[in-house]
Amino acid sequence: MSIRLNKQQEAAVTAPDGPALVLAGAGTGKTRVIVERLSWLVEERGIDPRHLLALTFTNRAAAEMGERFAQRLGVERVPSWLGTFHAFGLYVLRREMEQLGRPKQFTIFDTSDQSSLMKRLVRDLPAKYAKVTPRDALGWISRLKQEVQTPEDVAVITPEDEACAALWTQYHEALRRGNAVDFDDLLVLLVRLLADREGVREKYQRRYRYVLIDEYQDTNRAQYLIARHLSAAHGNLFVVGDEDQSIYSWRGADINNILDFAKDFESATVYRLEENYRSTQAILDAANAVVAHNVNRLGKTLRATQPGKDAVGIYIAEDGDAEARWVVQDMAKQGYAPSSVAVLYRTNSQSRLMEESLRTRGLHYQVVGGMQFYSRKEIKDILAYLRLLVNPDDDESVRRVINVPARGIGAKSLEALEVYGVERKQPLMRVMRDVEGDETFPARARQSMVAFVDLIDSVALSAKQSTLEETVERLVKETGYRKFVEESDEKDFRTRLEIVDEFIASCRDYDRKSGNDVLTFLQDMSLVSDADAWKGSEPAVSLMTCHSAKGLEFDHVYLIGMEEGLLPFGIDAEEKGLIEEERRLCYVAMTRARKRLVLTAAVNRTLYGRTDRNRELSRFIKEAGKDRLVSLNEKATKPVAKARPVGAALAAGGEDKIKTGTRVRHAKFGPGRVLYTTGTGDKLKAKIRFETGRMATLMVAQAPLEIL
DNA sequence: GAGCGAAACGAGGAT
DNA sequence: CGTTTCGCTC
């Protein structure tokens, strides 16, 4: 397993002090170089591991780095600081928040907190302002913050800009009142500490003598400044990245950070890693051919070291349904182990058809992202309750749970509460403490409010000497939340209850591992990401977006939905200047495959409940080159006498071919005869008696049947 | 105020 | 297609 470092890697690992850029193509052993570099600094250069700081973008990458580094040094845990930029921001803010004149204890707003807050702000925005959507306003604000700017720094030109600038102020006032920060703040406030507080800057510069950054192409302005400040005193900034894998511009990532690194840090040494240890030459050739169409790149030529004979496949399906069915059928036919397969797509909504198809076949799968555990309503509700325990000023959480379960404080009462809060400049919980004799509110609402406050107070009090698990147990019991979930909609109450119990189990885990208090738990929780949920060891097919797949690798990859509008996404990617990023995204997805890569597309696709017909194939298919792709579609000229898949027969309007008496062959059960059919189209089912004596009712469209 | 069905509306990617 | 909002009744 332990291969020797190649010349390029060796050079990068032993780079002299000072700034260094490692341009590392996909699959060239990036993580390995960082781990080896860390080990080399400790073992050969005698650096105390506590002086090492390695920053990444995902918890998974950080965890992997930590494990391998520890293993390399032969210790249980390394004392170096390894983690994501956001986690590092939180780490420093926990210690230095008071330097910014803010309370030490704060909670973190996630995207759903942000959007519900912004929704209200937009709704209540005075009519003199232009109409903007909450989404656009949040995007406008976030873009500025990622560049560490404020509305004063930029030209506020259009009426929409003006509206956003007004919302900026209100948004931040709300955060301050709620004693909260958002994701961007974790970086922005860290930059402010490092830029404005000399004492803080020097403290962390002294502590971290070597700064290493993975996926440098994904850094935004704030992250760039953090890197600059931390390394300013010693210049030991070692960054690794691949400009061809820059896919997060919408999150503020600036590809120029990596493109200009050598200019920016004048004494920088540059290394290139071009030997690919992951994919076959066929896969690399196709992926390289696609990304070579980009102009804005430094350029690398990847060489495969792995042998392999499978050409990159292309399959064009009739529609999304057929595409999903074919993919599942193909992976079964090839006999792939589920864990070796990934299905990658551009948008989360594409997972649905794949899930249905996999379920029909009885194959295990795991979906990464989308409606994830932590974005479930039940989890959000419980987290909101927990937040109230430690931060009663958090009005966003009050609004979320004040009437969940229903306790007689409806929209009207809440509105009256809000008005009071604004008048008295007091958080909602505070207002509720004063409503006891106030006739403004109906008696029932008043009683409920007092009961609610008492409830939160009593749980908060007992939480001080309880474990997290005990607190959550008490919470769901005494707020009636558990009962509420139990009694909810028959169909999914089991899963909803399971979610609650699973959350409690994870709290128990947290208690055991850390023993931290509720506030720390909440802060840690907000940094858990969707990609963290992926378990490589699970015996299941992995389904995820191309974005989530970054940094992962699989023996077999199906990249589905290769159509204009989907990948590249949007009809105007070209005009918007986003086409190169879409191309890089395609490149990232393709280079996840070790042994076999298959691209698929659908001619007709249902989006937003409407079916789009005769869709155009993705330009990336043409860019990959026809001679580099092999068609996996059935040849239309195949002799009729030869058995052909029923799916194709249906597509050709041959639904009536399957009827009572039709002789068929099943891939597993062998030959048999149709006794009768029910349903039509995709739902057509056939009762079949096989020659083995076995009887089965099968979905014609999905079963591996051939007409004889 | 709660609960229900109908209508309207809306999703790119996610630390 | 899935989710949120609306409008009605109890």
# chains A, B, ... in the order shown; residues from 1 in each chain; ligands from 1

$ residues_around --residues "C:DT9" --least-positions-apart "6" --cutoff "12 Å" --atoms "only C-alpha atoms (C1' of nucleotides)" --output "ChimeraX atom specification"
/B:2-5

$ write_last_selection --atoms "N, CA, C and O atoms (P, O5', C5', C4', C3', O3' and C1' of nucleotides)" --output "JSON list (two decimals), in the first residue's frame"
[["chain", "number", "residue", "atom", "x", "y", "z"],
["B", 2, "DA", "P", -53.53, 27.38, 17.85],
["B", 2, "DA", "O5'", -54.50, 26.37, 17.07],
["B", 2, "DA", "C5'", -55.47, 25.66, 17.81],
["B", 2, "DA", "C4'", -56.10, 24.59, 16.94],
["B", 2, "DA", "C3'", -55.14, 23.81, 16.05],
["B", 2, "DA", "O3'", -55.54, 22.45, 16.08],
["B", 2, "DA", "C1'", -56.77, 24.87, 14.71],
["B", 3, "DG", "P", -54.70, 21.36, 15.35],
["B", 3, "DG", "O5'", -55.59, 21.10, 14.05],
["B", 3, "DG", "C5'", -56.96, 20.76, 14.19],
["B", 3, "DG", "C4'", -57.54, 20.57, 12.81],
["B", 3, "DG", "C3'", -56.60, 19.86, 11.84],
["B", 3, "DG", "O3'", -57.36, 18.94, 11.06],
["B", 3, "DG", "C1'", -57.24, 21.92, 10.93],
["B", 4, "DC", "P", -56.65, 17.78, 10.28],
["B", 4, "DC", "O5'", -57.29, 17.90, 8.83],
["B", 4, "DC", "C5'", -58.68, 18.22, 8.68],
["B", 4, "DC", "C4'", -58.87, 19.01, 7.41],
["B", 4, "DC", "C3'", -58.03, 18.49, 6.25],
["B", 4, "DC", "O3'", -58.87, 17.87, 5.28],
["B", 4, "DC", "C1'", -58.03, 20.88, 6.38],
["B", 5, "DG", "P", -58.20, 17.00, 4.13],
["B", 5, "DG", "O5'", -58.51, 17.89, 2.85],
["B", 5, "DG", "C5'", -59.85, 18.27, 2.55],
["B", 5, "DG", "C4'", -59.81, 19.41, 1.56],
["B", 5, "DG", "C3'", -59.10, 19.07, 0.25],
["B", 5, "DG", "O3'", -59.87, 19.59, -0.82],
["B", 5, "DG", "C1'", -58.08, 20.96, 1.25]]

$ residues_around --residues "A:Asp285" --least-positions-apart "5" --cutoff "10 Å" --atoms "only C-alpha atoms (C1' of nucleotides)" --output "list of chain:residue names"
A:Ser279, A:Thr280, A:Val290, A:Thr301, A:Leu302, A:Arg303, A:Ala304, A:Val312, A:Ala624, A:Gly625, A:Arg628

$ interface_residues --of "chain A" --to "chain B" --cutoff "9 Å" --atoms "only C-alpha atoms (C1' of nucleotides)" --output "ChimeraX atom specification"
/A:57-58,84-86,183,247-248,250-251,346-349,369,406,408-412,527-530,545-548,569-570,608

$ closest_atom_pairs --of "chain A" --to "chain C" --cutoff "9 Å" --atoms "only C-alpha atoms (C1' of nucleotides)" --output "JSON lines"
{"residue": "A:Thr606", "atom": "CA", "partner": "C:DC1", "partner_atom": "C1'", "distance": 8.8}
{"residue": "A:Leu607", "atom": "CA", "partner": "C:DC1", "partner_atom": "C1'", "distance": 7.8}
{"residue": "A:Tyr608", "atom": "CA", "partner": "C:DC1", "partner_atom": "C1'", "distance": 5.8}
{"residue": "A:Gly609", "atom": "CA", "partner": "C:DC1", "partner_atom": "C1'", "distance": 4.9}
{"residue": "A:Arg610", "atom": "CA", "partner": "C:DC1", "partner_atom": "C1'", "distance": 8.7}

$ write_last_selection --atoms "C-alpha atoms" --output "PDB file, in the first residue's frame"
ATOM      1  CA  THR A 606     -39.699  16.214 -16.333  1.00  0.00           C
ATOM      2  CA  LEU A 607     -38.702  19.317 -14.407  1.00  0.00           C
ATOM      3  CA  TYR A 608     -41.015  21.265 -12.078  1.00  0.00           C
ATOM      4  CA  GLY A 609     -43.743  18.826 -13.092  1.00  0.00           C
ATOM      5  CA  ARG A 610     -43.413  19.792 -16.766  1.00  0.00           C
TER       6      ARG A 610
END

$ residues_around --residues "A:Met525" --least-positions-apart "6" --cutoff "10 Å" --atoms "only C-alpha atoms (C1' of nucleotides)" --output "list in words"
Ile108, Tyr374, Leu383 and Leu519 of chain A

$ write_last_selection --atoms "C-alpha atoms" --output "PDB file, in the first residue's frame"
ATOM      1  CA  ILE A 108     -24.696  30.542  15.052  1.00  0.00           C
ATOM      2  CA  TYR A 374     -29.859  17.949  10.282  1.00  0.00           C
ATOM      3  CA  LEU A 383     -32.301  22.688  18.225  1.00  0.00           C
ATOM      4  CA  LEU A 519     -24.038  26.141  23.922  1.00  0.00           C
TER       5      LEU A 519
END

$ atom_distance --atom1 "atom CA of A:Glu10" --atom2 "atom CA of A:Thr31"
13.4 Å

$ select_by_dssp --residues "stretch 411-657 of chain A" --states "alpha helix (DSSP H)" --output "ChimeraX atom specification"
/A:411-424,428-433,443-463,468-478,481-486,493-513,518-525,546-549,579-590,619-624,646-651

$ atom_distance --atom1 "atom CA of A:Asp185" --atom2 "atom CA of A:Ala233"
24.5 Å

$ residues_around --residues "A:Ile255" --least-positions-apart "3" --cutoff "10 Å" --atoms "only C-alpha atoms (C1' of nucleotides)" --output "list of chain:residue names"
A:Tyr216, A:Gln217, A:Asp218, A:Thr219, A:Asn220, A:Asp242, A:Glu243, A:Asp244, A:Gln245, A:Ser246, A:Ile247, A:Tyr248, A:Ser249, A:Gly252, A:Ile258, A:Leu259, A:Asp260, A:Asn296, A:Arg297, A:Glu581

$ select_by_dssp --residues "stretch 429-667 of chain A" --states "strand (DSSP E)" --output "VMD selection string"
chain A and resid 541 to 545 554 to 559 593 to 607 610 to 612 629 to 631 663 to 666

$ atom_distance --atom1 "atom CA of A:Leu52" --atom2 "atom CA of A:Trp81"
6.5 Å

$ decode --residues "stretch 266-315 of chain A" --atoms "N, CA and C atoms" --output "compact mmCIF listing (two decimals), in the first residue's frame"
# COMPACT_ATOMS: atom_id res chain seq x y z
N GLU A 266 5.90 36.70 -3.62
CA GLU A 266 6.96 36.74 -4.62
C GLU A 266 8.00 35.64 -4.51
N SER A 267 8.32 35.29 -3.28
CA SER A 267 9.38 34.28 -3.14
C SER A 267 8.83 32.86 -3.23
N ALA A 268 7.59 32.73 -3.65
CA ALA A 268 6.95 31.41 -3.64
C ALA A 268 7.63 30.43 -4.58
N THR A 269 7.75 29.20 -4.11
CA THR A 269 8.18 28.13 -5.00
C THR A 269 6.92 27.40 -5.45
N VAL A 270 6.94 26.93 -6.70
CA VAL A 270 5.77 26.27 -7.26
C VAL A 270 6.10 24.83 -7.63
N TYR A 271 5.23 23.92 -7.24
CA TYR A 271 5.42 22.51 -7.56
C TYR A 271 4.20 22.01 -8.29
N ARG A 272 4.41 21.05 -9.16
CA ARG A 272 3.29 20.46 -9.89
C ARG A 272 3.22 18.97 -9.63
N LEU A 273 2.02 18.48 -9.40
CA LEU A 273 1.82 17.03 -9.28
C LEU A 273 0.98 16.61 -10.47
N GLU A 274 1.54 15.78 -11.32
CA GLU A 274 0.82 15.41 -12.53
C GLU A 274 0.67 13.91 -12.73
N GLU A 275 1.20 13.13 -11.79
CA GLU A 275 1.04 11.68 -11.89
C GLU A 275 -0.21 11.27 -11.14
N ASN A 276 -1.18 10.79 -11.87
CA ASN A 276 -2.48 10.45 -11.29
C ASN A 276 -2.50 8.99 -10.86
N TYR A 277 -2.83 8.76 -9.59
CA TYR A 277 -2.84 7.40 -9.03
C TYR A 277 -4.23 6.81 -8.96
N ARG A 278 -5.20 7.54 -9.46
CA ARG A 278 -6.58 7.12 -9.25
C ARG A 278 -7.21 6.46 -10.47
N SER A 279 -7.21 7.17 -11.57
CA SER A 279 -8.06 6.77 -12.69
C SER A 279 -7.29 6.10 -13.81
N THR A 280 -8.04 5.43 -14.69
CA THR A 280 -7.43 4.84 -15.88
C THR A 280 -7.16 5.96 -16.89
N GLN A 281 -6.32 5.66 -17.86
CA GLN A 281 -5.98 6.66 -18.87
C GLN A 281 -7.22 7.09 -19.66
N ALA A 282 -8.13 6.14 -19.91
CA ALA A 282 -9.34 6.47 -20.68
C ALA A 282 -10.16 7.54 -19.97
N ILE A 283 -10.30 7.39 -18.66
CA ILE A 283 -11.08 8.36 -17.88
C ILE A 283 -10.37 9.72 -17.88
N LEU A 284 -9.06 9.68 -17.66
CA LEU A 284 -8.29 10.93 -17.63
C LEU A 284 -8.34 11.65 -18.97
N ASP A 285 -8.22 10.88 -20.06
CA ASP A 285 -8.24 11.49 -21.39
C ASP A 285 -9.54 12.24 -21.62
N ALA A 286 -10.65 11.58 -21.28
CA ALA A 286 -11.95 12.22 -21.49
C ALA A 286 -12.09 13.47 -20.61
N ALA A 287 -11.71 13.34 -19.34
CA ALA A 287 -11.84 14.47 -18.42
C ALA A 287 -10.92 15.62 -18.84
N ASN A 288 -9.69 15.28 -19.20
CA ASN A 288 -8.76 16.31 -19.65
C ASN A 288 -9.26 17.02 -20.89
N ALA A 289 -9.86 16.24 -21.80
CA ALA A 289 -10.36 16.82 -23.05
C ALA A 289 -11.43 17.86 -22.75
N VAL A 290 -12.27 17.56 -21.76
CA VAL A 290 -13.33 18.52 -21.40
C VAL A 290 -12.72 19.79 -20.83
N VAL A 291 -11.88 19.63 -19.81
CA VAL A 291 -11.41 20.82 -19.09
C VAL A 291 -10.40 21.62 -19.92
N ALA A 292 -9.84 20.98 -20.93
CA ALA A 292 -8.90 21.70 -21.81
C ALA A 292 -9.59 22.82 -22.57
N HIS A 293 -10.93 22.78 -22.62
CA HIS A 293 -11.67 23.85 -23.29
C HIS A 293 -11.71 25.13 -22.46
N ASN A 294 -11.25 25.06 -21.22
CA ASN A 294 -11.19 26.28 -20.41
C ASN A 294 -9.96 27.10 -20.76
N VAL A 295 -10.14 28.42 -20.73
CA VAL A 295 -9.03 29.33 -21.02
C VAL A 295 -8.34 29.74 -19.73
N ASN A 296 -9.16 29.97 -18.71
CA ASN A 296 -8.66 30.50 -17.44
C ASN A 296 -8.08 29.40 -16.56
N ARG A 297 -6.89 28.91 -16.92
CA ARG A 297 -6.27 27.85 -16.11
C ARG A 297 -4.76 27.89 -16.32
N LEU A 298 -4.07 27.27 -15.37
CA LEU A 298 -2.62 27.24 -15.47
C LEU A 298 -2.19 26.07 -16.33
N GLY A 299 -3.00 25.03 -16.33
CA GLY A 299 -2.74 23.90 -17.21
C GLY A 299 -1.83 22.85 -16.61
N LYS A 300 -2.35 21.62 -16.64
CA LYS A 300 -1.55 20.49 -16.16
C LYS A 300 -1.88 19.36 -17.11
N THR A 301 -0.96 18.42 -17.26
CA THR A 301 -1.27 17.25 -18.06
C THR A 301 -1.15 16.03 -17.18
N LEU A 302 -2.28 15.41 -16.89
CA LEU A 302 -2.26 14.28 -15.98
C LEU A 302 -1.89 13.00 -16.70
N ARG A 303 -1.01 12.23 -16.07
CA ARG A 303 -0.63 10.93 -16.60
C ARG A 303 -1.16 9.85 -15.67
N ALA A 304 -1.80 8.85 -16.26
CA ALA A 304 -2.33 7.75 -15.45
C ALA A 304 -1.23 6.77 -15.09
N THR A 305 -1.29 6.26 -13.87
CA THR A 305 -0.36 5.20 -13.49
C THR A 305 -1.11 3.89 -13.32
N GLN A 306 -2.44 3.97 -13.32
CA GLN A 306 -3.26 2.78 -13.16
C GLN A 306 -3.65 2.21 -14.52
N PRO A 307 -3.51 0.91 -14.68
CA PRO A 307 -3.94 0.29 -15.93
C PRO A 307 -5.46 0.12 -15.91
N GLY A 308 -6.04 -0.13 -17.06
CA GLY A 308 -7.48 -0.34 -17.14
C GLY A 308 -7.91 -0.39 -18.58
N LYS A 309 -9.00 -1.13 -18.85
CA LYS A 309 -9.37 -1.30 -20.25
C LYS A 309 -10.75 -0.72 -20.59
N ASP A 310 -11.55 -0.42 -19.56
CA ASP A 310 -12.90 0.07 -19.85
C ASP A 310 -12.88 1.47 -20.46
N ALA A 311 -13.55 1.60 -21.62
CA ALA A 311 -13.71 2.92 -22.21
C ALA A 311 -14.77 3.68 -21.43
N VAL A 312 -14.77 4.99 -21.55
CA VAL A 312 -15.82 5.79 -20.92
C VAL A 312 -17.10 5.56 -21.71
N GLY A 313 -18.19 5.22 -21.01
CA GLY A 313 -19.44 4.89 -21.69
C GLY A 313 -20.39 6.07 -21.78
N ILE A 314 -21.27 6.00 -22.76
CA ILE A 314 -22.33 7.02 -22.86
C ILE A 314 -23.63 6.32 -23.16
N TYR A 315 -24.66 6.63 -22.39
CA TYR A 315 -25.98 6.03 -22.61
C TYR A 315 -27.03 7.13 -22.69
